[in-house]
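A short worksheet on the structure shown next.
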Amino acid sequence: EPANDTISQLVLRRLFDDNYNKNTVPLKTSATVVSIEFGIQNIAQVSEISASFTLDLLFSQIWHDPRLRFDHITTCLQNLTLGYSMVEKLWTPNVCFVNSKKTEIHSSPTPNIFLMIYPNGTVWVNYRLQVQSPCMVDLVLFPMDVMNCELIIESYAYNAAKVKLNWREWQPVFSIAKSKLSDFTLYGLQWTKNSFEYAAGQWDQLTVSLTFSRAYGFYILQMYIPTYSSVFLSFVSFWIDLKALPARITLGVSSLMALTFQYGNVAKNLPRVGYVKSIDVYMVLTTAFIFLTMIEVAFVCYLESENNMRRKERQAEKKKERVAALQRKKDKKKNNYGATTMTNTNAAESDLRSNYDEPFSNGTASHKISISRQANNMFESLHALAQFEIPGLLADDDDENTKWTAQNVDKFCRKAFPLSFCLLNLIYWCYYLYQNYLAKAEALAQMTPPL
C-alpha cells in the first residue's frame with residue numbers, strides 16, 4: 001500500500017503538470033463523447049402548487065480524456081480514485097439541468113462527489129444531487145389527473161461540435177426509489193435524446209420524463225364520501241312533515257354549509273386556475289341537489305298555501321249553493337204550507353216570543369198550535385243544519401283528488417332525487433375515470449423510444 005500511494009502521487013504529478021489545461025477540450029479534431037447515467041434515489045415531493053417535483057438522484061458522467069492516460073506510466077494501478085476537490089482541477093463537460101429550478105450537491109458532511117480515472121484516460125464523475133424541476137400541471141381531471149415532469153440535460157458551455165451527449169448503452173435511467181408517494185404514483189419513466197438550435201450552434205439534449213398519476217383515495221375519503229353524506233342527509237327533509245318547516249330548512253342549510261366547508265379545505269391547497277376541474281363539476285352537482293331540496297321546500301309551502309286557499313274558496317261556494325238551495329226549498333214549503341223559513345229568523349224569533357209571552361191568551365187550542373209550529377220549526381232547523389254542515393265536512397275530498405299536493409310532491413322527490421343523484425354520479429365517475437385512462441395512455445404514447 002505505501003508503494004501504491006507513492007505510485008499514485010507520482011501519477012498525479014505527471015498527469016496534472018503544467019502541460020495540462022483544464023480549460024481546453026480533450027480532443028482537438030473531434031467532439032468528446034460524454035455518456036450519461038441517471039439514477040433516481042428518492043422522489044422527495046411532487047407539488048401542483050409550485051408545479052414542480054424534487055428528486056434525489058445519482059448523476060454520472062463518463063468521458064475519455066487522452067491527456068489523463070497513465071497506462072504508460074505504470075501498470076500497477078487499476079484506477080485512480082480521488083477526492084471531490086480534484087474535480088476542480090479536471091476539464092469537465094459542464095453538463096447541467098437547463099430547466100431545473102434548483103440543484104444542490106448533497107453534503108453529508110462533505111460534498112457527495114465520486115471521481116475515478118482509469119488507465120486509458122476514461123474519467124468517471126458521479127454526483128449525488130437534489131434537483132427541483134418543473135412539471136406540466138393540467139388539473140382538468142383533478143383529482144384523477146396525470147402530471148408529466150421533465151428534466152433536460154445538456155452541456156452549458158459546449159455545443160455538439162465540441163461535446164456530444166449520449167445515454168449509457170445499458171439501462172441509462174433507473175429508479176431505486178419507491179414508486180408510490182403519499183399522493184402520487186410513478187406511472188411511467190422514459191428517456192430521449194434531442195437536438196436544440198441556439199444562436200451559437202446546435203446542442204445535444206437528453207430528456208428524462210416522469211409521469212405521475214395522482215392517488216385519489218385521499219380525496220374519496222376526505223371529500224367525496226363526506227359530501228355524499230351531506231347530500232343524502234338533505235334528502236331526509238322529504239320525509240319530514242311540512243308542519244316541521246324549520247327543521248326542513250335547518251337541515252338543508254346545514255348540509256349546504258358543510259359542503260362549502262369541505263370544498264374550501266380542498267380548494268385552498270390547489271393553484272388558482274381559470275378552467276373547470278373535475279372536482280368543480282362534482283361540487284356544482286352536489287350543491288345543485290342541496291339547493292333543489294331547498295327549492296322543493298319553498299315549492300311545497302307555496303303549493304300548500306294555494307291548495308288551502310282554493311279549498312276555502314270551494315267550501316265558500318258550496319255553502320252559498322246549499323244556502324241558496326235551502327232557501328228555495330223553504331220558499332217552496334212556505335208557499336205550500338205557510339211555514340216560516342229559516343232565512344226570516346227575526347220573524348220566527350218574534351213569533352216564538354209572542355207565543356211564550358202569552359201562553360194562556362188564546363186558550364188551549366192556541367197553545368197547541370203554537371207548540372206544533374215550534375216543533376215544525378225545530379225539525380226544519382235540524383234538517384237545514386244537516387244539509388248545510390255535513391257536505392261542508394266532506395269538502396276536502398276534492399282536494400285529496402288534486403294531483404299537485406305537498407304530500408304528492410314529497411313522495412315524488414323521495415324517489416326522484418336519490419335516483420337522479422346516483423345516475424349523475426355514475427355518469428361522472430365513468431366519464432372521468434375513462435379520461436384518466438386516456439391521459440395515462442397519451443402521456444406514455446408521447447414518450448418515444450430512447451435514441
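By convention here, the chains of the C-alpha cells are called A, B, ... in the order presented, each chain's residues are numbered starting at 1, and ligands are numbered starting at 1 in the order presented.
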Distance query region 225-229 of chain A at most 8 Å, only C-alpha atoms, self and fewer than 6 positions along chain excluded, as a ChimeraX atom specification: /A:258-259,262,286
Could you turn the residues from that selection into a file that holds all heavy atoms, as a PDB file, in the first residue's frame?
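Output saved as selection_2.pdb:
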ATOM      1  N   ALA A 258     -71.938  22.612   5.307  1.00  0.00           N
ATOM      2  CA  ALA A 258     -70.927  21.552   5.437  1.00  0.00           C
ATOM      3  C   ALA A 258     -70.251  21.278   4.105  1.00  0.00           C
ATOM      4  O   ALA A 258     -69.029  21.069   4.040  1.00  0.00           O
ATOM      5  CB  ALA A 258     -71.587  20.283   5.976  1.00  0.00           C
ATOM      6  N   LEU A 259     -71.018  21.289   3.034  1.00  0.00           N
ATOM      7  CA  LEU A 259     -70.464  21.053   1.703  1.00  0.00           C
ATOM      8  C   LEU A 259     -69.487  22.160   1.321  1.00  0.00           C
ATOM      9  O   LEU A 259     -68.394  21.893   0.797  1.00  0.00           O
ATOM     10  CB  LEU A 259     -71.603  20.981   0.682  1.00  0.00           C
ATOM     11  CG  LEU A 259     -71.242  20.521  -0.725  1.00  0.00           C
ATOM     12  CD1 LEU A 259     -70.854  19.052  -0.718  1.00  0.00           C
ATOM     13  CD2 LEU A 259     -72.419  20.743  -1.662  1.00  0.00           C
ATOM     14  N   GLN A 262     -66.186  21.769   3.288  1.00  0.00           N
ATOM     15  CA  GLN A 262     -65.348  20.665   2.807  1.00  0.00           C
ATOM     16  C   GLN A 262     -64.644  21.040   1.513  1.00  0.00           C
ATOM     17  O   GLN A 262     -63.464  20.731   1.325  1.00  0.00           O
ATOM     18  CB  GLN A 262     -66.204  19.416   2.609  1.00  0.00           C
ATOM     19  CG  GLN A 262     -66.699  18.802   3.907  1.00  0.00           C
ATOM     20  CD  GLN A 262     -67.861  17.855   3.699  1.00  0.00           C
ATOM     21  OE1 GLN A 262     -68.367  17.702   2.599  1.00  0.00           O
ATOM     22  NE2 GLN A 262     -68.295  17.219   4.768  1.00  0.00           N
ATOM     23  N   THR A 286     -73.338  18.446  -6.598  1.00  0.00           N
ATOM     24  CA  THR A 286     -73.844  18.219  -5.240  1.00  0.00           C
ATOM     25  C   THR A 286     -74.520  19.463  -4.676  1.00  0.00           C
ATOM     26  O   THR A 286     -75.556  19.361  -4.013  1.00  0.00           O
ATOM     27  CB  THR A 286     -72.694  17.783  -4.324  1.00  0.00           C
ATOM     28  OG1 THR A 286     -71.613  18.739  -4.431  1.00  0.00           O
ATOM     29  CG2 THR A 286     -72.170  16.421  -4.709  1.00  0.00           C
TER      30      THR A 286
END
Near-region 141-148 of chain A list (7 Å; only C-alpha atoms; drop same-chain fewer than 6 positions) as a compact mmCIF listing (two decimals) with C-alpha atoms, in the first residue's frame:
# COMPACT_ATOMS: atom_id res chain seq x y z
CA CYS A 135 -43.93 19.83 -14.20
CA SER A 209 -39.71 12.17 -18.50
CA LEU A 210 -41.56 11.03 -15.40
CA THR A 211 -45.31 10.52 -15.44
CA PHE A 212 -47.14 10.70 -12.12
CA SER A 213 -50.71 9.61 -11.59
CA ARG A 214 -52.48 11.13 -8.61
CA TYR A 216 -57.21 9.97 -5.39
CA LYS A 277 -61.75 20.99 -12.86
CA SER A 278 -63.35 17.62 -12.31
CA ILE A 279 -63.92 18.40 -8.66
CA TYR A 432 -63.60 10.96 -15.64
CA ASN A 436 -57.86 9.39 -16.63
CA ALA A 439 -54.46 10.73 -20.16
CA LYS A 440 -52.13 7.97 -18.95
For a test of reading the model, state the distance in Å between CA of Lys180 (chain A) and CA of Gly39 (chain A), rounded to one decimal. 16.8 Å
Interatomic distance (Å, one decimal) between CA of Ser237 (chain A) and CA of Val266 (chain A): 27.6 Å
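As for CA of Tyr20 (chain A) and CA of Leu82 (chain A), they are spaced 17.3 Å apart.
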Would you mind telling me which residue in A:Pro109, A:Pro93, A:Gly83, A:Pro66 lies nearest to Val33 (chain A) when using only C-alpha atoms?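 Looking at the shortest contact to Val33 (chain A), the residue is A:Pro93.
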Go through A:Ala44, A:Leu165, A:Cys96, A:Ala200 one by one, measure the shortest atom-to-atom distance of each to Ile62 (chain A) using only C-alpha atoms, and give the residue with the smallest value.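 Of A:Ala44, A:Leu165, A:Cys96, A:Ala200, the one nearest Ile62 (chain A) is A:Leu165, counting only C-alpha atoms.
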Mind checking which residues fall within 7 Å of Phe114 (chain A), counting only C-alpha atoms, ignoring those fewer than 3 positions away in the same chain, and posting them as a list in words?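 Selected residues are Tyr84, Val125, Asn126 and Tyr127 of chain A.
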Need the shell around Lys243 (chain A): protein/DNA/RNA residues with any atom at most 12 Å away, counting only C-alpha atoms. Skip same-chain ones fewer than 4 positions apart. Format as a short mmCIF file (atom, residue, chain, number, x, y, z; two decimals) with N, CA and C atoms, in the first residue's frame?
data_model
loop_
_atom_site.label_atom_id
_atom_site.label_comp_id
_atom_site.auth_asym_id
_atom_site.auth_seq_id
_atom_site.Cartn_x
_atom_site.Cartn_y
_atom_site.Cartn_z
N SER A 237 -85.14 15.54 4.39
CA SER A 237 -86.20 16.53 4.57
C SER A 237 -87.48 16.14 3.83
N TRP A 239 -88.93 13.37 4.04
CA TRP A 239 -89.71 12.53 4.94
C TRP A 239 -90.19 13.30 6.18
N ALA A 247 -87.39 22.64 10.78
CA ALA A 247 -86.47 21.50 10.75
C ALA A 247 -86.00 21.22 9.32
N ARG A 248 -86.90 21.32 8.36
CA ARG A 248 -86.53 21.06 6.96
C ARG A 248 -85.56 22.12 6.46
N ILE A 249 -85.80 23.36 6.79
CA ILE A 249 -84.91 24.45 6.35
C ILE A 249 -83.54 24.32 7.01
N VAL A 297 -88.71 22.68 -0.76
CA VAL A 297 -89.40 23.10 0.46
C VAL A 297 -90.23 24.35 0.18
N VAL A 300 -93.33 23.33 -2.02
CA VAL A 300 -94.43 22.64 -1.33
C VAL A 300 -95.15 23.59 -0.39
N CYS A 301 -94.42 24.54 0.20
CA CYS A 301 -95.09 25.55 1.04
C CYS A 301 -96.03 26.42 0.21
N GLU A 304 -99.01 24.22 -0.81
CA GLU A 304 -99.94 24.01 0.29
C GLU A 304 -100.78 25.25 0.55
N ALA A 406 -98.76 18.95 -1.59
CA ALA A 406 -97.47 18.89 -0.90
C ALA A 406 -97.05 17.45 -0.63
N GLN A 407 -98.01 16.63 -0.23
CA GLN A 407 -97.69 15.23 0.07
C GLN A 407 -97.26 14.47 -1.20
#
Secondary structure check, strand (DSSP E) residues of region 99-132 of chain A, as a PyMOL selection string: chain A and resi 102-105+113-117+122-132
Considering only C-alpha atoms, state which residue in the set A:Val34, A:Tyr275, A:Phe291, A:Arg168 is at the smallest distance from Met257 (chain A). A:Phe291
Could you find all residues in region 132-358 of chain A that DSSP calls alpha helix (DSSP H) from the backbone, and write them as number ranges by chain? A: 217-219, 225-235, 245-267, 278-337, 345-357
Looking at A:Val46, A:Leu303, A:Leu12, A:Met294, which one is nearest to Asn79 (chain A), with distances taken over only C-alpha atoms?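 Checking each of A:Val46, A:Leu303, A:Leu12, A:Met294 against Asn79 (chain A), counting only C-alpha atoms, the winner is A:Leu12.
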When you look at Pro111 (chain A) with a cut-off of 10 Å (counting only C-alpha atoms), what residues show up, excluding the ones that are within fewer than 4 positions of it in the same chain? I need them as a PDB file with C-alpha atoms, in the first residue's frame.
ATOM      1  CA  GLY A  83     -11.422  13.117  -3.599  1.00  0.00           C
ATOM      2  CA  TYR A  84     -14.063  15.644  -4.562  1.00  0.00           C
ATOM      3  CA  SER A  85     -11.592  18.545  -4.551  1.00  0.00           C
ATOM      4  CA  GLU A 104     -27.740  21.160  -4.965  1.00  0.00           C
ATOM      5  CA  ILE A 105     -24.941  18.691  -4.271  1.00  0.00           C
ATOM      6  CA  HIS A 106     -25.597  16.712  -1.119  1.00  0.00           C
ATOM      7  CA  SER A 107     -23.088  17.350   1.627  1.00  0.00           C
ATOM      8  CA  TYR A 127     -22.715  13.421  -8.156  1.00  0.00           C
ATOM      9  CA  ARG A 128     -25.401  12.863  -5.568  1.00  0.00           C
ATOM     10  CA  LEU A 129     -27.815  15.708  -6.264  1.00  0.00           C
TER      11      LEU A 129
END
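Nearest to Gln205 (chain A) of all the residues A:Asn269, A:Asn166, A:Ser230, A:Thr74 is A:Asn166, based on only C-alpha atoms.
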Nearest residue to Pro172 (chain A) out of A:Thr207, A:Gln222, A:Thr287, A:Ser8, using only C-alpha atoms?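 Smallest distance to Pro172 (chain A) is found for A:Thr207.
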